[in-house]
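Step one of this worksheet: look at the structure below.
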Amino acid sequence: PDLFQSPDYYLLDDLLTEEHKLVRDAARAWVKKEVSPIIEDYAQRAEFPKQIIKGLGEIGGFGPYIPVEYGGAGLDQISYGLIMQEIERGDSGVRSTSSVQSSLVMYPIWKYGTEEQRQKYLPKLATGEWMGCFGLTEPDHGSNPGGMVTNFKDMGDHYLLNGAKMWISNAPFAQIAVVWAKNEEGRIHGLIVERGMEGFSTPETHNKWSLRASATGELIFDNVKVPRENLLPGKSGLGAPLGCLDSARYGIAWGAIGAAMDCYDTALRYSKERIQFDKPIGATQLQQKKLAEMITEITKAQLLTWRLGVLRNEGRATTAQISMAKRNNVEMAINIAREARQMLGGMGITGEYSIMRHMMNLESVITYEGTHDIHLLITGMDVTGFPAFK
Ligand code: TGC
Ligand code: FAD
């Protein structure tokens, strides 16, 4: 019973199958045992806890929906979402590692790769024996990745890759990078770049106040010779990386609920125990307003996201629907983290509680995978037909 403190105000468990609940419970138990006790320390030291990689693979954190024949867990989109929710209840940076590996590395290899590429990479990525990263963002092209300047030339027996990527999760320790670059005609393609290739380096980005337990870095390509067989042939154009983002953003929509639940749980418990003016702060109207609004927003986000999962299982979810859920849920979580932090008073700023870490992490989550503004503009474009980006 201790495992199930998480709010389920509208009895959403009734909408889940036995498999969904088993998958979620296993992820929740693992996060509670292996992530929560150590993560604050790693975040304070700005270090990624590499020892959790194997366990992340075992709970289905790497490629939950990738078919079993390639080492994935073969689960549906709701299970995928629930795993992300539970991981992010622990830490957004750990969920980032899982999102990148699953949706930004395994997904493109599975969807756009050759059978040889699938066999070579997917099983090792599913266990975490190999880790991957995804290079789309560049120093001068973040929200507008279509403007990228990283490029490759066809040299006959190989491609010659030049350019740089920035803000890349997992880059400092990944064995492989799925890199998006333009060919001589300016068409975007995905290439698998492997650590050890001459001219390829991955310097780490330091001094982050957010996502400190996740390693972020650059990808630098200085005349890197990439074998021809490392090009992903199945899809080209900006739609190829954007297709991966659909899957990752969907996972983030669920993940943000996990971070919000942890903040809510913590604040609720604290409000019952903390006595001021001879009564629990939870007995005051102001603190009840905060808690009531939190549980309302979490419940709305759960319903939105569960429905989106059903649509994804049916292959009917649109990019704009995913943007709406990512945008809504991350804002919901960051607002809850800020309110919950205040409810803990001075204790809220310490590492004794997880809230301030969630709050700072969510500043990255609201920026990456499309900023809050970009997702609003995607919704705006969807309802009006006018792209306001350009
Ligand atoms: P636009 O002209 O709209 O589209 C270009 C082509 O792509 C097609 N397309 C899609 N295809 C598949 N799936 C989607 N979701 C698609 N969205 C668009 C589109 O049909 C078109 O195809 P074609 O054949 O006509 O060429 O492109 P645009 O340049 O106007 O850009 C639109 C915009 C702004 C929405 C897009 O660039 C965008 O989403 N920008 C945000 C960038 C972003 O999200 N970057 C994330 C980097 S990865 C990351 O942050 C990882 S964080 C780590 C973690 O996950 O934890
Ligand atoms: P910009 O695009 O420069 O945006 C700056 C501001 O301008 C934002 O507020 C934005 O909303 C606004 N803006 C931009 N365009 C418009 C417009 N047309 N109209 C109105 N406002 C606009 N990328 C990867 O490829 N792989 C990764 O693994 C990865 N991991 C990341 C990890 C972390 C911790 C962080 C912080 C980022 C990561 N990113 C990654 C990069 C992330 O996707 C980008 O930071 C994000 O897409 C925004 O790009 P930018 O930082 O260049 O901001």
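To be explicit about the labels: the chains of the structure tokens are called A, B, and onward in the order shown, and within each one the residues are counted from 1, while ligands get numbers from 1 in the order they are shown.
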If you count only C-alpha atoms, which residues fall within 10 Å of Ala317 in chain A, apart from same-chain ones fewer than 6 positions away, as a compact mmCIF listing (two decimals) with all heavy atoms, in the first residue's frame?
```txt
# COMPACT_ATOMS: atom_id res chain seq x y z
N ASP A 246 7.72 13.67 -31.72
CA ASP A 246 6.34 13.33 -31.35
C ASP A 246 6.33 12.30 -30.22
O ASP A 246 5.59 12.42 -29.25
CB ASP A 246 5.59 12.72 -32.55
CG ASP A 246 4.98 13.78 -33.45
OD1 ASP A 246 5.11 14.98 -33.15
OD2 ASP A 246 4.38 13.39 -34.48
N TYR A 250 5.37 13.07 -26.20
CA TYR A 250 4.28 12.32 -25.58
C TYR A 250 4.73 11.75 -24.23
O TYR A 250 4.01 11.85 -23.22
CB TYR A 250 3.82 11.20 -26.53
CG TYR A 250 2.96 10.17 -25.86
CD1 TYR A 250 1.65 10.44 -25.53
CD2 TYR A 250 3.48 8.91 -25.53
CE1 TYR A 250 0.86 9.49 -24.87
CE2 TYR A 250 2.71 7.96 -24.88
CZ TYR A 250 1.40 8.25 -24.56
OH TYR A 250 0.64 7.31 -23.91
N ARG A 307 -6.14 9.93 -22.50
CA ARG A 307 -6.85 9.95 -23.79
C ARG A 307 -5.85 10.03 -24.96
O ARG A 307 -6.02 9.37 -25.98
CB ARG A 307 -7.81 11.15 -23.83
CG ARG A 307 -8.54 11.36 -25.14
CD ARG A 307 -9.45 10.19 -25.50
NE ARG A 307 -10.03 10.34 -26.81
CZ ARG A 307 -10.44 9.33 -27.57
NH1 ARG A 307 -10.37 8.08 -27.14
NH2 ARG A 307 -10.95 9.56 -28.76
N LEU A 308 -4.81 10.82 -24.79
CA LEU A 308 -3.79 10.93 -25.84
C LEU A 308 -3.13 9.57 -26.06
O LEU A 308 -2.85 9.18 -27.20
CB LEU A 308 -2.75 11.98 -25.45
CG LEU A 308 -1.69 12.31 -26.49
CD1 LEU A 308 -2.31 12.92 -27.76
CD2 LEU A 308 -0.63 13.26 -25.92
N GLY A 309 -2.90 8.84 -24.97
CA GLY A 309 -2.31 7.51 -25.09
C GLY A 309 -3.20 6.56 -25.88
O GLY A 309 -2.73 5.77 -26.71
N VAL A 310 -4.51 6.65 -25.63
CA VAL A 310 -5.45 5.80 -26.38
C VAL A 310 -5.38 6.16 -27.87
O VAL A 310 -5.30 5.29 -28.74
CB VAL A 310 -6.89 5.96 -25.83
CG1 VAL A 310 -7.90 5.27 -26.74
CG2 VAL A 310 -6.98 5.42 -24.41
N LEU A 311 -5.36 7.46 -28.15
CA LEU A 311 -5.27 7.89 -29.56
C LEU A 311 -3.97 7.41 -30.19
O LEU A 311 -3.94 7.01 -31.36
CB LEU A 311 -5.39 9.42 -29.67
CG LEU A 311 -6.76 10.02 -29.35
CD1 LEU A 311 -6.71 11.54 -29.38
CD2 LEU A 311 -7.83 9.50 -30.33
```
* Taking only C-alpha atoms and all ligand atoms into account, report as a ChimeraX atom specification which residues have an atom no farther than 6 Å from an atom of ligand 2. => /A:134-137,141-143,167-169,211,364,367-371,373-374,389
Selection file, C-alpha atoms, as a JSON list (two decimals), in the first residue's frame:
```
[["chain", "number", "residue", "atom", "x", "y", "z"],
["A", 134, "PHE", "CA", 20.27, 12.70, -30.38],
["A", 135, "GLY", "CA", 21.82, 15.68, -32.09],
["A", 136, "LEU", "CA", 19.33, 18.09, -33.62],
["A", 137, "THR", "CA", 19.85, 21.45, -31.85],
["A", 141, "HIS", "CA", 19.38, 26.77, -34.54],
["A", 142, "GLY", "CA", 17.26, 25.70, -31.57],
["A", 143, "SER", "CA", 13.55, 26.31, -32.16],
["A", 167, "TRP", "CA", 22.62, 20.96, -25.53],
["A", 168, "ILE", "CA", 22.73, 17.25, -26.21],
["A", 169, "SER", "CA", 21.47, 15.00, -23.38],
["A", 211, "LEU", "CA", 18.74, 18.80, -14.85],
["A", 364, "SER", "CA", 14.68, 22.53, -18.82],
["A", 367, "THR", "CA", 12.37, 24.52, -22.85],
["A", 368, "TYR", "CA", 13.52, 21.32, -24.50],
["A", 369, "GLU", "CA", 11.58, 19.21, -27.01],
["A", 370, "GLY", "CA", 10.05, 22.46, -28.24],
["A", 371, "THR", "CA", 9.73, 25.48, -25.97],
["A", 373, "ASP", "CA", 6.08, 29.19, -26.91],
["A", 374, "ILE", "CA", 6.71, 26.86, -29.84],
["A", 389, "PHE", "CA", 6.92, 30.95, -36.65]]
```
* Using only C-alpha atoms, which of A:Leu11, A:Ala267, A:Leu161, A:Met332 sits nearest Leu219 in chain A? ->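 Nearest candidate to Leu219 in chain A out of A:Leu11, A:Ala267, A:Leu161, A:Met332: A:Leu161.
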* Asked: Which parts of range 38-178 of chain A does DSSP call strand (DSSP E) when run on the backbone here, written out as a list in words?
  -> Gly132, Cys133, Phe134, Gly135, Asn151, Phe152, Lys153, Asp154, His158, Tyr159, Leu160, Leu161, Asn162, Gly163, Ala164, Lys165, Met166, Trp167, Ile168, Ser169, Ile176, Ala177 and Val178 of chain A
* Pick out the residues sitting within 9 Å of Glu297 in chain A, and hand them over as a ChimeraX atom specification; count only C-alpha atoms, and ignore anything fewer than 6 positions along from it in its own chain. => /A:329,332-333,336
Residues just named, written with C-alpha atoms as an mmCIF file, in the first residue's frame:
```cif
data_model
loop_
_atom_site.group_PDB
_atom_site.id
_atom_site.type_symbol
_atom_site.label_atom_id
_atom_site.label_comp_id
_atom_site.auth_asym_id
_atom_site.auth_seq_id
_atom_site.Cartn_x
_atom_site.Cartn_y
_atom_site.Cartn_z
ATOM 1 C CA ASN A 329 1.402 19.252 -18.382
ATOM 2 C CA MET A 332 1.029 22.402 -14.692
ATOM 3 C CA ALA A 333 4.024 20.649 -13.096
ATOM 4 C CA ILE A 336 2.751 22.942 -8.752
#
```
